[in-house]
Amino acid sequence: MAPTEIQTAYSGPHHKSVAALFGDDSDSQPLWFKKDAFGEPNFDTEAYISDLRRFVPFDTLRAELRSHQAVLKHELVELINRDYTDFVNLSTKLVDVDGAVLRMRMPLNELRGKLLTVRESVSGSLASLQDGLKRRAEASASREILELLLDTSHVVSKVEKLLVELQSMPEDDTHISDEPGKSDFQRDAKLGDEHVEHGANLEESRSRLLERIASEMNRLKFYVARAQDLPFIQNMERRIQNADFSLNASLRRSFEGGLERRDGSVIDHCLRAYAAIDNISGAEEAFRSAVVAPFVQQIIPTSPEKRVVGGNSDQLSEVLKEIETRIQTDCKFLLDISAAANSGLHVFDFLSNSILKEVHSAIQKGKPGAFSPGKPAEFLANYKASLKFLNFLEGYCQSQAAVEKFRSQSAYFEFMKQWNLGVYYTLRLQEIAGALDIAVTTTVTTPAQGVVNYDEDGSLGLALHPSSVLWDCLQRCWQEDVFIKAVSDKFLKLTLQLLSRYSTWLSAGLVARRAGNTEKPAGGNFALVATPEDFILVGHDVKLLAQKIKGPHLQHVEAALTPSAPEVFALVKQSIFQAADLLLELVPALTDVLTEALADKCAEALKQAKGITATFRMTNKPLPTRHSPYVSSILQPLKAFLEGERIIYLAQDAQEELLGTVVEKITTRYNDQARDIINTARKTESTLQRFRQGAARQRGGGADTSENSISDTDKICAQLFLDVQEYGRRLSALGISAADLPVYVSLWQCVATVDRQNDIRF
């Protein structure tokens, strides 16, 4: 095809329209169309179209792609037309290509053959070298095993030879004392100095030899661990076991002899030997059986025939003190040796694995009831004695790390596990909480008349029996003969539960009092039978309890928890304060019940005021001239209350507040009743007046207005006015200014005549 034809084929109307619409300049394309993306190696058609279709319509995208295709075709045509001559001559220049290929292939084949030959030679050399290295490694491993076996055999022989040498050393038993009354760990003072020195040197030489044998045995165990599966080692196992047994037996005899003579040099060599063969428990057990067990069993006999008949065999305080004394005399020297700085003997724990384990075992066998919480007092005494004993043992620890190590031992854990503090707390809970529960469920809650309790400082004490029991229970929770710091959280919980139980008892009583429940539910019956004077005592006790809880009781708790972290005590203080504040929230309700009770007693006399209507209705009685008798009885209960012997439990400001509240309640009831009487009288009089007028009209005459110029309602109002005046005088006698009481002013204006409405005079 000629260039003109090619150009014509790709220069149709569509290309012209595209060129006219978009142009050949890439800048005329939309910003979202990136033609460079088509040349990326990881170009994905579907992903490209999916991304564009989110904000470009499909038709627009298709039109743009077709336009770009037309542009590319146009550029291809221009490229072909530009280099058309070279494109046509390309086929004419490819002459004798096969011959050129053959000429190039021959040297390449020769080169390939040479490379294959070299490769085979190198591969053979490499295989030979690898085989040699493998045989060399096998020979080296075999040599190492052989050397290991030879060293093992040599060490076994050496250990056996040293053991024979050890057994051939002369025994020296002259250090043992046969005199009665002498301790097993004291030397015989009658032995000659030379003989003693000879025996000491002999035992030191023996301990040095044992330390050497132990080091060789340690090396032997290392060899055996590396080749324990080999038949040679398995055949030597019996010899190794015999040597190990003989070494441990000799080492124990030497160690016990050093303990018996308190020979520090011998003990040091023996302990190093034990550490070398990793037999820490052997040394601890030897010390336990040779030194600790004899004096512990002497203090705590384990056989029934050696126990004291008729004595209190479960007490631990005295026996643990005796054990502490014997530890200081018989064990301190070894503990100092093992705890010496830079001694390398810190791996031994004689405190827990020798002393504590033996003491624990002796108590279990000789005093099995010491761990029983069935008798809380004895249990607590034994528990505290054991804690003191543990603190005594921890005193031999040289650092905090040593203390933590001592407490992490299994012997320490097993000893502490014997003390069942959960059962002990449960028994104390039943004892303390049960006492309060009995106190709040009894019907007798108030003290006898004339009985006043005083505290040590001379101030008024708690008046109610349940309140006194509550205070005793709170104190008992933190007393030294009850409290255990390990379960302090439970005793704090019990304290809060006691306060909650007391508050619930008071709340139930108040609810029952307000509801007038005659069934007298448990915990609330006190309020139904209580007098107003009793509620004075309840309010006094609530305030005093809150004061005591936030003061002396909190100090008592702080002393029991000392030492403790400040943030911990801050939380304890916050919880106790919240419980005391919840108790104080009952005071307003108690005051309301007290004032209502007094108002109810005073209001009983007001019921007689209803008789005024019957006195003057339909009678010819003249206007009253003096007050009614009931007025004298209205404030009598309140006056008797203020003059009673229990008013001392109420502060002066509280008395004044109570007086004002009760007077206001009584006067309010008086006002309501007076208004009701007057309104009823006026309605009755109005009805009677209409009836009379109707009867007069039926008779044909007018109503007679001359008779009864003073109506019955006026007489009733006059009587009520005299009563209110007297009531005001009675208020003044109590120190209350009636004219300053809005409710009394309302009562005065209700019963007074028009000219006396604002003239309040008695």
# chains A, B, ... in the order shown; residues from 1 in each chain; ligands from 1
$ select_by_dssp --residues "range 273-503 of chain A" --states "helix (DSSP H, G or I)" --output "compact mmCIF listing (two decimals) with N, CA and C atoms, in the first residue's frame"
# COMPACT_ATOMS: atom_id res chain seq x y z
N ALA A 273 31.24 -28.68 98.49
CA ALA A 273 31.13 -29.99 97.84
C ALA A 273 29.68 -30.29 97.48
N TYR A 274 28.76 -30.02 98.39
CA TYR A 274 27.34 -30.22 98.10
C TYR A 274 26.90 -29.36 96.90
N ALA A 275 27.37 -28.13 96.88
CA ALA A 275 27.01 -27.25 95.77
C ALA A 275 27.61 -27.75 94.46
N ALA A 276 28.81 -28.33 94.51
CA ALA A 276 29.46 -28.81 93.29
C ALA A 276 28.69 -29.96 92.67
N ILE A 280 21.88 -29.77 96.85
CA ILE A 280 21.53 -28.75 97.85
C ILE A 280 20.60 -29.34 98.91
N SER A 281 19.63 -30.12 98.46
CA SER A 281 18.67 -30.69 99.40
C SER A 281 19.34 -31.65 100.38
N GLY A 282 20.44 -32.31 99.94
CA GLY A 282 21.14 -33.22 100.84
C GLY A 282 21.73 -32.49 102.02
N ALA A 283 22.37 -31.35 101.78
CA ALA A 283 22.93 -30.56 102.88
C ALA A 283 21.83 -30.04 103.79
N GLU A 284 20.73 -29.56 103.21
CA GLU A 284 19.64 -29.04 104.02
C GLU A 284 19.01 -30.14 104.87
N GLU A 285 18.85 -31.33 104.30
CA GLU A 285 18.29 -32.44 105.06
C GLU A 285 19.24 -32.91 106.15
N ALA A 286 20.54 -32.91 105.87
CA ALA A 286 21.52 -33.30 106.89
C ALA A 286 21.50 -32.33 108.06
N PHE A 287 21.43 -31.05 107.78
CA PHE A 287 21.37 -30.06 108.85
C PHE A 287 20.07 -30.20 109.64
N ARG A 288 18.99 -30.49 108.93
CA ARG A 288 17.70 -30.64 109.60
C ARG A 288 17.71 -31.84 110.55
N SER A 289 18.22 -32.98 110.08
CA SER A 289 18.17 -34.19 110.91
C SER A 289 19.21 -34.18 112.02
N ALA A 290 20.37 -33.55 111.77
CA ALA A 290 21.45 -33.59 112.76
C ALA A 290 21.34 -32.50 113.80
N VAL A 291 20.85 -31.33 113.44
CA VAL A 291 20.86 -30.19 114.37
C VAL A 291 19.45 -29.76 114.75
N VAL A 292 18.58 -29.55 113.76
CA VAL A 292 17.28 -28.94 114.04
C VAL A 292 16.33 -29.94 114.68
N ALA A 293 16.24 -31.15 114.12
CA ALA A 293 15.26 -32.12 114.60
C ALA A 293 15.42 -32.46 116.09
N PRO A 294 16.64 -32.66 116.59
CA PRO A 294 16.73 -33.03 118.02
C PRO A 294 16.13 -32.00 118.97
N PHE A 295 16.49 -30.73 118.83
CA PHE A 295 15.95 -29.77 119.80
C PHE A 295 14.49 -29.43 119.53
N VAL A 296 14.04 -29.52 118.26
CA VAL A 296 12.62 -29.27 117.98
C VAL A 296 11.77 -30.38 118.58
N GLN A 297 12.18 -31.62 118.42
CA GLN A 297 11.42 -32.73 119.00
C GLN A 297 11.49 -32.72 120.52
N GLN A 298 12.55 -32.16 121.06
CA GLN A 298 12.63 -32.02 122.52
C GLN A 298 11.63 -30.99 123.03
N ILE A 299 11.45 -29.91 122.25
CA ILE A 299 10.51 -28.85 122.65
C ILE A 299 9.08 -29.24 122.32
N PRO A 304 2.98 -39.60 121.76
CA PRO A 304 1.95 -39.33 122.78
C PRO A 304 2.47 -39.46 124.21
N GLU A 305 3.40 -40.37 124.47
CA GLU A 305 3.85 -40.57 125.84
C GLU A 305 4.69 -39.40 126.35
N LYS A 306 5.24 -38.59 125.44
CA LYS A 306 6.09 -37.47 125.87
C LYS A 306 5.32 -36.16 126.04
N SER A 317 2.92 -20.13 121.40
CA SER A 317 3.72 -18.96 121.73
C SER A 317 5.00 -19.33 122.46
N GLU A 318 4.86 -20.11 123.53
CA GLU A 318 6.01 -20.44 124.35
C GLU A 318 6.98 -21.36 123.63
N VAL A 319 6.44 -22.36 122.95
CA VAL A 319 7.33 -23.32 122.27
C VAL A 319 8.11 -22.65 121.14
N LEU A 320 7.47 -21.71 120.44
CA LEU A 320 8.19 -21.02 119.36
C LEU A 320 9.27 -20.11 119.93
N LYS A 321 9.02 -19.54 121.10
CA LYS A 321 10.07 -18.74 121.73
C LYS A 321 11.27 -19.61 122.12
N GLU A 322 10.97 -20.80 122.62
CA GLU A 322 12.07 -21.71 122.95
C GLU A 322 12.84 -22.12 121.70
N ILE A 323 12.11 -22.36 120.63
CA ILE A 323 12.77 -22.72 119.36
C ILE A 323 13.64 -21.57 118.88
N GLU A 324 13.17 -20.34 119.01
CA GLU A 324 13.98 -19.19 118.61
C GLU A 324 15.28 -19.13 119.42
N THR A 325 15.18 -19.43 120.70
CA THR A 325 16.39 -19.42 121.54
C THR A 325 17.37 -20.49 121.09
N ARG A 326 16.87 -21.68 120.78
CA ARG A 326 17.75 -22.75 120.34
C ARG A 326 18.33 -22.46 118.96
N ILE A 327 17.59 -21.79 118.11
CA ILE A 327 18.12 -21.42 116.80
C ILE A 327 19.30 -20.47 116.96
N GLN A 328 19.17 -19.52 117.88
CA GLN A 328 20.27 -18.58 118.09
C GLN A 328 21.51 -19.27 118.63
N THR A 329 21.34 -20.31 119.41
CA THR A 329 22.50 -20.98 120.00
C THR A 329 23.05 -22.11 119.12
N ASP A 330 22.17 -22.84 118.41
CA ASP A 330 22.60 -24.04 117.69
C ASP A 330 22.65 -23.89 116.17
N LYS A 332 22.73 -20.54 114.41
CA LYS A 332 23.21 -19.25 113.90
C LYS A 332 24.55 -19.36 113.21
N PHE A 333 25.43 -20.24 113.72
CA PHE A 333 26.78 -20.33 113.13
C PHE A 333 26.71 -20.80 111.69
N LEU A 334 25.83 -21.77 111.39
CA LEU A 334 25.71 -22.25 110.01
C LEU A 334 25.02 -21.21 109.13
N LEU A 335 24.02 -20.55 109.66
CA LEU A 335 23.32 -19.52 108.89
C LEU A 335 24.27 -18.38 108.53
N ASP A 336 25.16 -18.02 109.42
CA ASP A 336 26.14 -16.97 109.12
C ASP A 336 27.12 -17.42 108.05
N ILE A 337 27.52 -18.69 108.09
CA ILE A 337 28.46 -19.21 107.08
C ILE A 337 27.81 -19.20 105.70
N SER A 338 26.58 -19.66 105.60
CA SER A 338 25.90 -19.74 104.30
C SER A 338 25.52 -18.37 103.77
N PHE A 350 18.64 -22.91 104.40
CA PHE A 350 18.42 -23.67 105.62
C PHE A 350 17.26 -23.13 106.43
N LEU A 351 16.92 -21.85 106.26
CA LEU A 351 15.83 -21.26 107.04
C LEU A 351 14.50 -21.95 106.73
N SER A 352 14.20 -22.13 105.46
CA SER A 352 12.91 -22.70 105.09
C SER A 352 12.95 -24.22 104.98
N ASN A 353 13.97 -24.74 104.28
CA ASN A 353 14.00 -26.17 103.98
C ASN A 353 14.53 -27.03 105.13
N SER A 354 15.12 -26.43 106.13
CA SER A 354 15.60 -27.19 107.29
C SER A 354 14.83 -26.81 108.55
N ILE A 355 14.86 -25.52 108.92
CA ILE A 355 14.28 -25.10 110.19
C ILE A 355 12.75 -25.05 110.10
N LEU A 356 12.24 -24.28 109.16
CA LEU A 356 10.79 -24.10 109.07
C LEU A 356 10.09 -25.42 108.74
N LYS A 357 10.67 -26.21 107.86
CA LYS A 357 10.05 -27.49 107.51
C LYS A 357 9.98 -28.42 108.72
N GLU A 358 11.04 -28.45 109.53
CA GLU A 358 11.04 -29.32 110.71
C GLU A 358 10.05 -28.81 111.76
N VAL A 359 10.00 -27.50 111.96
CA VAL A 359 9.05 -26.93 112.93
C VAL A 359 7.61 -27.21 112.49
N HIS A 360 7.34 -27.04 111.20
CA HIS A 360 6.00 -27.31 110.67
C HIS A 360 5.62 -28.77 110.88
N SER A 361 6.54 -29.66 110.58
CA SER A 361 6.26 -31.09 110.75
C SER A 361 6.02 -31.43 112.21
N ALA A 362 6.82 -30.86 113.11
CA ALA A 362 6.66 -31.14 114.53
C ALA A 362 5.32 -30.63 115.06
N ILE A 363 4.88 -29.44 114.60
CA ILE A 363 3.59 -28.90 115.05
C ILE A 363 2.45 -29.77 114.55
N GLN A 364 2.54 -30.23 113.31
CA GLN A 364 1.48 -31.08 112.76
C GLN A 364 1.34 -32.38 113.55
N LYS A 365 2.48 -32.94 113.97
CA LYS A 365 2.44 -34.21 114.69
C LYS A 365 2.21 -34.02 116.19
N GLY A 366 2.85 -33.03 116.79
CA GLY A 366 2.76 -32.85 118.22
C GLY A 366 1.65 -31.96 118.70
N PRO A 368 -1.56 -31.00 116.77
CA PRO A 368 -2.45 -30.94 115.59
C PRO A 368 -3.57 -29.93 115.72
N GLY A 369 -3.96 -29.57 116.93
CA GLY A 369 -5.05 -28.61 117.09
C GLY A 369 -4.63 -27.16 117.00
N ALA A 370 -3.33 -26.92 116.82
CA ALA A 370 -2.86 -25.53 116.79
C ALA A 370 -3.36 -24.80 115.55
N PHE A 371 -3.57 -25.55 114.47
CA PHE A 371 -4.01 -24.92 113.22
C PHE A 371 -5.52 -24.88 113.07
N PRO A 376 -11.41 -19.67 117.98
CA PRO A 376 -10.83 -18.47 117.34
C PRO A 376 -9.76 -17.77 118.16
N ALA A 377 -9.95 -17.69 119.47
CA ALA A 377 -8.98 -16.97 120.30
C ALA A 377 -7.62 -17.68 120.29
N GLU A 378 -7.63 -19.00 120.48
CA GLU A 378 -6.39 -19.75 120.46
C GLU A 378 -5.77 -19.76 119.07
N PHE A 379 -6.63 -19.87 118.07
CA PHE A 379 -6.13 -19.86 116.68
C PHE A 379 -5.41 -18.56 116.38
N LEU A 380 -6.02 -17.43 116.79
CA LEU A 380 -5.40 -16.13 116.52
C LEU A 380 -4.08 -15.99 117.27
N ALA A 381 -4.04 -16.45 118.52
CA ALA A 381 -2.79 -16.37 119.28
C ALA A 381 -1.70 -17.19 118.62
N ASN A 382 -2.04 -18.38 118.17
CA ASN A 382 -1.04 -19.23 117.50
C ASN A 382 -0.62 -18.63 116.16
N TYR A 383 -1.57 -18.03 115.44
CA TYR A 383 -1.24 -17.44 114.15
C TYR A 383 -0.28 -16.26 114.32
N LYS A 384 -0.56 -15.41 115.30
CA LYS A 384 0.32 -14.27 115.53
C LYS A 384 1.69 -14.71 116.04
N ALA A 385 1.71 -15.78 116.85
CA ALA A 385 2.99 -16.31 117.30
C ALA A 385 3.79 -16.86 116.13
N SER A 386 3.10 -17.50 115.18
CA SER A 386 3.80 -18.02 114.00
C SER A 386 4.34 -16.88 113.12
N LEU A 387 3.58 -15.78 113.01
CA LEU A 387 4.07 -14.64 112.24
C LEU A 387 5.32 -14.04 112.89
N LYS A 388 5.32 -13.95 114.21
CA LYS A 388 6.52 -13.47 114.90
C LYS A 388 7.70 -14.41 114.67
N PHE A 389 7.42 -15.71 114.64
CA PHE A 389 8.48 -16.68 114.38
C PHE A 389 9.04 -16.53 112.96
N LEU A 390 8.15 -16.30 112.00
CA LEU A 390 8.60 -16.08 110.62
C LEU A 390 9.41 -14.78 110.51
N ASN A 391 8.98 -13.75 111.21
CA ASN A 391 9.75 -12.51 111.22
C ASN A 391 11.13 -12.72 111.85
N PHE A 392 11.18 -13.58 112.87
CA PHE A 392 12.46 -13.90 113.48
C PHE A 392 13.37 -14.60 112.47
N LEU A 393 12.82 -15.53 111.70
CA LEU A 393 13.63 -16.21 110.68
C LEU A 393 14.07 -15.25 109.59
N GLU A 394 13.18 -14.34 109.19
CA GLU A 394 13.54 -13.38 108.15
C GLU A 394 14.63 -12.42 108.62
N GLN A 400 16.76 -7.79 100.95
CA GLN A 400 15.36 -7.93 100.59
C GLN A 400 15.17 -9.08 99.61
N ALA A 401 16.15 -9.29 98.73
CA ALA A 401 16.07 -10.41 97.79
C ALA A 401 16.07 -11.74 98.54
N ALA A 402 16.86 -11.83 99.61
CA ALA A 402 16.88 -13.05 100.41
C ALA A 402 15.54 -13.28 101.10
N VAL A 403 14.89 -12.19 101.56
CA VAL A 403 13.57 -12.32 102.18
C VAL A 403 12.55 -12.82 101.17
N GLU A 404 12.58 -12.26 99.97
CA GLU A 404 11.66 -12.71 98.93
C GLU A 404 11.91 -14.16 98.55
N LYS A 405 13.18 -14.56 98.51
CA LYS A 405 13.50 -15.95 98.22
C LYS A 405 12.96 -16.86 99.32
N PHE A 406 13.11 -16.44 100.57
CA PHE A 406 12.59 -17.23 101.69
C PHE A 406 11.08 -17.39 101.61
N ARG A 407 10.38 -16.32 101.26
CA ARG A 407 8.92 -16.38 101.18
C ARG A 407 8.43 -17.14 99.96
N SER A 410 8.65 -23.47 98.94
CA SER A 410 7.46 -24.30 99.13
C SER A 410 7.19 -24.54 100.62
N ALA A 411 8.25 -24.64 101.44
CA ALA A 411 8.05 -24.85 102.87
C ALA A 411 7.31 -23.68 103.50
N TYR A 412 7.64 -22.46 103.10
CA TYR A 412 6.95 -21.26 103.61
C TYR A 412 5.49 -21.28 103.17
N PHE A 413 5.26 -21.63 101.91
CA PHE A 413 3.89 -21.66 101.38
C PHE A 413 3.06 -22.72 102.09
N GLU A 414 3.63 -23.90 102.30
CA GLU A 414 2.88 -24.96 102.98
C GLU A 414 2.58 -24.58 104.42
N PHE A 415 3.50 -23.90 105.08
CA PHE A 415 3.26 -23.49 106.46
C PHE A 415 2.14 -22.47 106.55
N MET A 416 2.14 -21.49 105.66
CA MET A 416 1.10 -20.47 105.68
C MET A 416 -0.25 -21.03 105.25
N LYS A 417 -0.23 -22.08 104.43
CA LYS A 417 -1.49 -22.66 103.96
C LYS A 417 -2.23 -23.36 105.10
N LEU A 421 -7.54 -18.82 107.31
CA LEU A 421 -8.06 -17.53 107.75
C LEU A 421 -9.50 -17.31 107.31
N GLY A 422 -9.91 -17.97 106.21
CA GLY A 422 -11.30 -17.82 105.77
C GLY A 422 -12.29 -18.38 106.78
N VAL A 423 -11.99 -19.54 107.34
CA VAL A 423 -12.89 -20.12 108.35
C VAL A 423 -12.88 -19.27 109.62
N TYR A 424 -11.69 -18.78 109.98
CA TYR A 424 -11.60 -17.92 111.17
C TYR A 424 -12.46 -16.67 111.00
N TYR A 425 -12.39 -16.05 109.84
CA TYR A 425 -13.20 -14.84 109.62
C TYR A 425 -14.68 -15.17 109.65
N THR A 426 -15.06 -16.32 109.10
CA THR A 426 -16.48 -16.70 109.10
C THR A 426 -17.00 -16.84 110.53
N LEU A 427 -16.20 -17.44 111.40
CA LEU A 427 -16.62 -17.58 112.79
C LEU A 427 -16.74 -16.22 113.47
N ARG A 428 -15.78 -15.34 113.20
CA ARG A 428 -15.86 -13.99 113.79
C ARG A 428 -17.05 -13.23 113.23
N LEU A 429 -17.35 -13.43 111.97
CA LEU A 429 -18.50 -12.78 111.35
C LEU A 429 -19.79 -13.20 112.03
N GLN A 430 -19.94 -14.50 112.25
CA GLN A 430 -21.15 -14.97 112.93
C GLN A 430 -21.23 -14.44 114.35
N GLU A 431 -20.10 -14.35 115.01
CA GLU A 431 -20.08 -13.87 116.39
C GLU A 431 -20.44 -12.38 116.47
N ILE A 432 -19.79 -11.57 115.64
CA ILE A 432 -19.97 -10.11 115.73
C ILE A 432 -21.29 -9.69 115.11
N ALA A 433 -21.54 -10.12 113.87
CA ALA A 433 -22.79 -9.72 113.21
C ALA A 433 -24.00 -10.31 113.90
N GLY A 434 -23.85 -11.52 114.47
CA GLY A 434 -24.98 -12.12 115.18
C GLY A 434 -25.39 -11.32 116.40
N ALA A 435 -24.42 -10.74 117.09
CA ALA A 435 -24.75 -9.92 118.27
C ALA A 435 -25.57 -8.70 117.88
N LEU A 436 -25.19 -8.03 116.79
CA LEU A 436 -25.96 -6.86 116.35
C LEU A 436 -27.33 -7.27 115.85
N ASP A 437 -27.43 -8.39 115.16
CA ASP A 437 -28.71 -8.82 114.63
C ASP A 437 -29.69 -9.11 115.76
N ILE A 438 -29.20 -9.73 116.82
CA ILE A 438 -30.07 -9.99 117.98
C ILE A 438 -30.50 -8.68 118.63
N ALA A 439 -29.59 -7.72 118.69
CA ALA A 439 -29.90 -6.45 119.36
C ALA A 439 -30.97 -5.67 118.60
N VAL A 440 -30.93 -5.69 117.27
CA VAL A 440 -31.88 -4.88 116.50
C VAL A 440 -33.22 -5.58 116.29
N THR A 441 -33.29 -6.87 116.57
CA THR A 441 -34.56 -7.58 116.41
C THR A 441 -35.33 -7.71 117.71
N HIS A 465 -29.69 0.39 123.34
CA HIS A 465 -28.94 -0.87 123.38
C HIS A 465 -28.40 -1.27 122.00
N PRO A 466 -29.20 -1.21 120.92
CA PRO A 466 -28.64 -1.55 119.61
C PRO A 466 -27.47 -0.65 119.21
N SER A 467 -27.53 0.62 119.58
CA SER A 467 -26.43 1.52 119.26
C SER A 467 -25.17 1.12 120.00
N SER A 468 -25.31 0.78 121.28
CA SER A 468 -24.14 0.34 122.05
C SER A 468 -23.56 -0.94 121.49
N VAL A 469 -24.45 -1.86 121.09
CA VAL A 469 -23.97 -3.12 120.51
C VAL A 469 -23.26 -2.85 119.19
N LEU A 470 -23.80 -1.95 118.37
CA LEU A 470 -23.14 -1.61 117.12
C LEU A 470 -21.73 -1.06 117.37
N TRP A 471 -21.61 -0.14 118.31
CA TRP A 471 -20.29 0.44 118.61
C TRP A 471 -19.33 -0.62 119.11
N ASP A 472 -19.81 -1.52 119.96
CA ASP A 472 -18.95 -2.60 120.44
C ASP A 472 -18.52 -3.51 119.28
N CYS A 473 -19.43 -3.79 118.36
CA CYS A 473 -19.09 -4.64 117.20
C CYS A 473 -18.08 -3.96 116.30
N LEU A 474 -18.25 -2.66 116.07
CA LEU A 474 -17.29 -1.93 115.25
C LEU A 474 -15.91 -1.94 115.89
N GLN A 475 -15.87 -1.72 117.19
CA GLN A 475 -14.59 -1.75 117.90
C GLN A 475 -13.96 -3.14 117.86
N ARG A 476 -14.80 -4.16 118.00
CA ARG A 476 -14.29 -5.52 118.07
C ARG A 476 -13.69 -5.97 116.74
N CYS A 477 -14.20 -5.45 115.65
CA CYS A 477 -13.67 -5.84 114.33
C CYS A 477 -12.18 -5.53 114.21
N LYS A 485 -4.48 -8.80 109.92
CA LYS A 485 -4.18 -7.89 108.82
C LYS A 485 -4.26 -8.57 107.47
N ALA A 486 -4.00 -9.88 107.44
CA ALA A 486 -4.04 -10.60 106.15
C ALA A 486 -5.43 -10.60 105.54
N VAL A 487 -6.47 -10.46 106.35
CA VAL A 487 -7.84 -10.40 105.84
C VAL A 487 -8.47 -9.07 106.23
N SER A 488 -7.67 -8.01 106.19
CA SER A 488 -8.17 -6.69 106.58
C SER A 488 -9.30 -6.22 105.66
N ASP A 489 -9.27 -6.64 104.40
CA ASP A 489 -10.34 -6.25 103.49
C ASP A 489 -11.68 -6.82 103.93
N LYS A 490 -11.66 -8.05 104.46
CA LYS A 490 -12.90 -8.65 104.93
C LYS A 490 -13.41 -7.96 106.19
N PHE A 491 -12.51 -7.58 107.08
CA PHE A 491 -12.96 -6.88 108.29
C PHE A 491 -13.48 -5.48 107.95
N LEU A 492 -12.90 -4.84 106.95
CA LEU A 492 -13.45 -3.56 106.50
C LEU A 492 -14.85 -3.77 105.92
N LYS A 493 -15.01 -4.83 105.14
CA LYS A 493 -16.34 -5.15 104.60
C LYS A 493 -17.33 -5.40 105.72
N LEU A 494 -16.91 -6.12 106.78
CA LEU A 494 -17.80 -6.38 107.91
C LEU A 494 -18.18 -5.08 108.61
N THR A 495 -17.23 -4.15 108.74
CA THR A 495 -17.54 -2.85 109.35
C THR A 495 -18.63 -2.13 108.57
N LEU A 496 -18.48 -2.10 107.26
CA LEU A 496 -19.48 -1.42 106.43
C LEU A 496 -20.82 -2.16 106.47
N GLN A 497 -20.78 -3.50 106.56
CA GLN A 497 -22.03 -4.25 106.64
C GLN A 497 -22.75 -3.99 107.97
N LEU A 498 -22.00 -3.85 109.04
CA LEU A 498 -22.63 -3.54 110.33
C LEU A 498 -23.33 -2.18 110.29
N LEU A 499 -22.66 -1.19 109.72
CA LEU A 499 -23.28 0.13 109.60
C LEU A 499 -24.51 0.09 108.70
N SER A 500 -24.41 -0.69 107.62
CA SER A 500 -25.56 -0.82 106.73
C SER A 500 -26.72 -1.52 107.42
N ARG A 501 -26.42 -2.54 108.23
CA ARG A 501 -27.49 -3.25 108.95
C ARG A 501 -28.18 -2.32 109.93
N TYR A 502 -27.43 -1.51 110.63
CA TYR A 502 -28.02 -0.56 111.57
C TYR A 502 -28.87 0.48 110.84
N SER A 503 -28.35 0.98 109.72
CA SER A 503 -29.11 1.97 108.94
C SER A 503 -30.39 1.35 108.39
$ atom_distance --atom1 "CA of Phe616 in chain A" --atom2 "CA of Ala674 in chain A"
15.0 Å
$ residues_around --residues "Gln749 in chain A" --least-positions-apart "3" --cutoff "10 Å" --atoms "only C-alpha atoms" --output "PyMOL selection string"
chain A and resi 671+721+743-746+752-754+756-760
$ write_last_selection --atoms "C-alpha atoms" --output "PDB file, in the first residue's frame"
ATOM      1  CA  ASN A 671     -56.066  26.932 112.024  1.00  0.00           C
ATOM      2  CA  PHE A 721     -61.422  33.916 119.625  1.00  0.00           C
ATOM      3  CA  VAL A 743     -49.939  30.651 110.679  1.00  0.00           C
ATOM      4  CA  TYR A 744     -51.055  32.087 114.063  1.00  0.00           C
ATOM      5  CA  VAL A 745     -51.792  35.405 112.397  1.00  0.00           C
ATOM      6  CA  SER A 746     -53.954  33.542 109.922  1.00  0.00           C
ATOM      7  CA  ALA A 752     -61.314  37.742 115.303  1.00  0.00           C
ATOM      8  CA  THR A 753     -63.912  40.408 114.653  1.00  0.00           C
ATOM      9  CA  VAL A 754     -63.370  42.973 111.963  1.00  0.00           C
ATOM     10  CA  ARG A 756     -59.535  43.139 115.893  1.00  0.00           C
ATOM     11  CA  GLN A 757     -58.171  41.642 112.696  1.00  0.00           C
ATOM     12  CA  ASN A 758     -54.767  43.298 112.961  1.00  0.00           C
ATOM     13  CA  ASP A 759     -54.767  43.924 116.710  1.00  0.00           C
ATOM     14  CA  ILE A 760     -53.171  40.823 118.162  1.00  0.00           C
TER      15      ILE A 760
END
$ atom_distance --atom1 "CA of Tyr649 in chain A" --atom2 "CA of Val662 in chain A"
17.7 Å
$ residues_around --residues "Gly539 in chain A" --least-positions-apart "4" --cutoff "12 Å" --atoms "only C-alpha atoms" --output "PyMOL selection string"
chain A and resi 462-464+467+506+532-535+543-546+583-594+646-647+649-651+654
$ atom_distance --atom1 "CA of Gln673 in chain A" --atom2 "CA of Pro622 in chain A"
23.3 Å
$ residues_around --residues "range 736-741 of chain A" --least-positions-apart "6" --cutoff "8 Å" --atoms "only C-alpha atoms" --output "PyMOL selection string"
chain A and resi 660+664+728+760
$ write_last_selection --atoms "C-alpha atoms" --output "PDB file, in the first residue's frame"
ATOM      1  CA  GLY A 660     -40.679  26.001 116.499  1.00  0.00           C
ATOM      2  CA  GLU A 664     -46.036  25.490 113.626  1.00  0.00           C
ATOM      3  CA  GLY A 728     -51.346  32.672 122.259  1.00  0.00           C
ATOM      4  CA  ILE A 760     -53.171  40.823 118.162  1.00  0.00           C
TER       5      ILE A 760
END
$ residues_around --residues "Lys573 in chain A" --least-positions-apart "6" --cutoff "9 Å" --atoms "only C-alpha atoms" --output "ChimeraX atom specification"
/A:550,554,557-558
$ write_last_selection --atoms "C-alpha atoms" --output "JSON list (two decimals), in the first residue's frame"
[["chain", "number", "residue", "atom", "x", "y", "z"],
["A", 550, "LYS", "CA", -15.13, 9.57, 111.93],
["A", 554, "LEU", "CA", -11.04, 5.79, 112.29],
["A", 557, "VAL", "CA", -8.57, 1.44, 112.13],
["A", 558, "GLU", "CA", -5.50, 3.40, 111.09]]
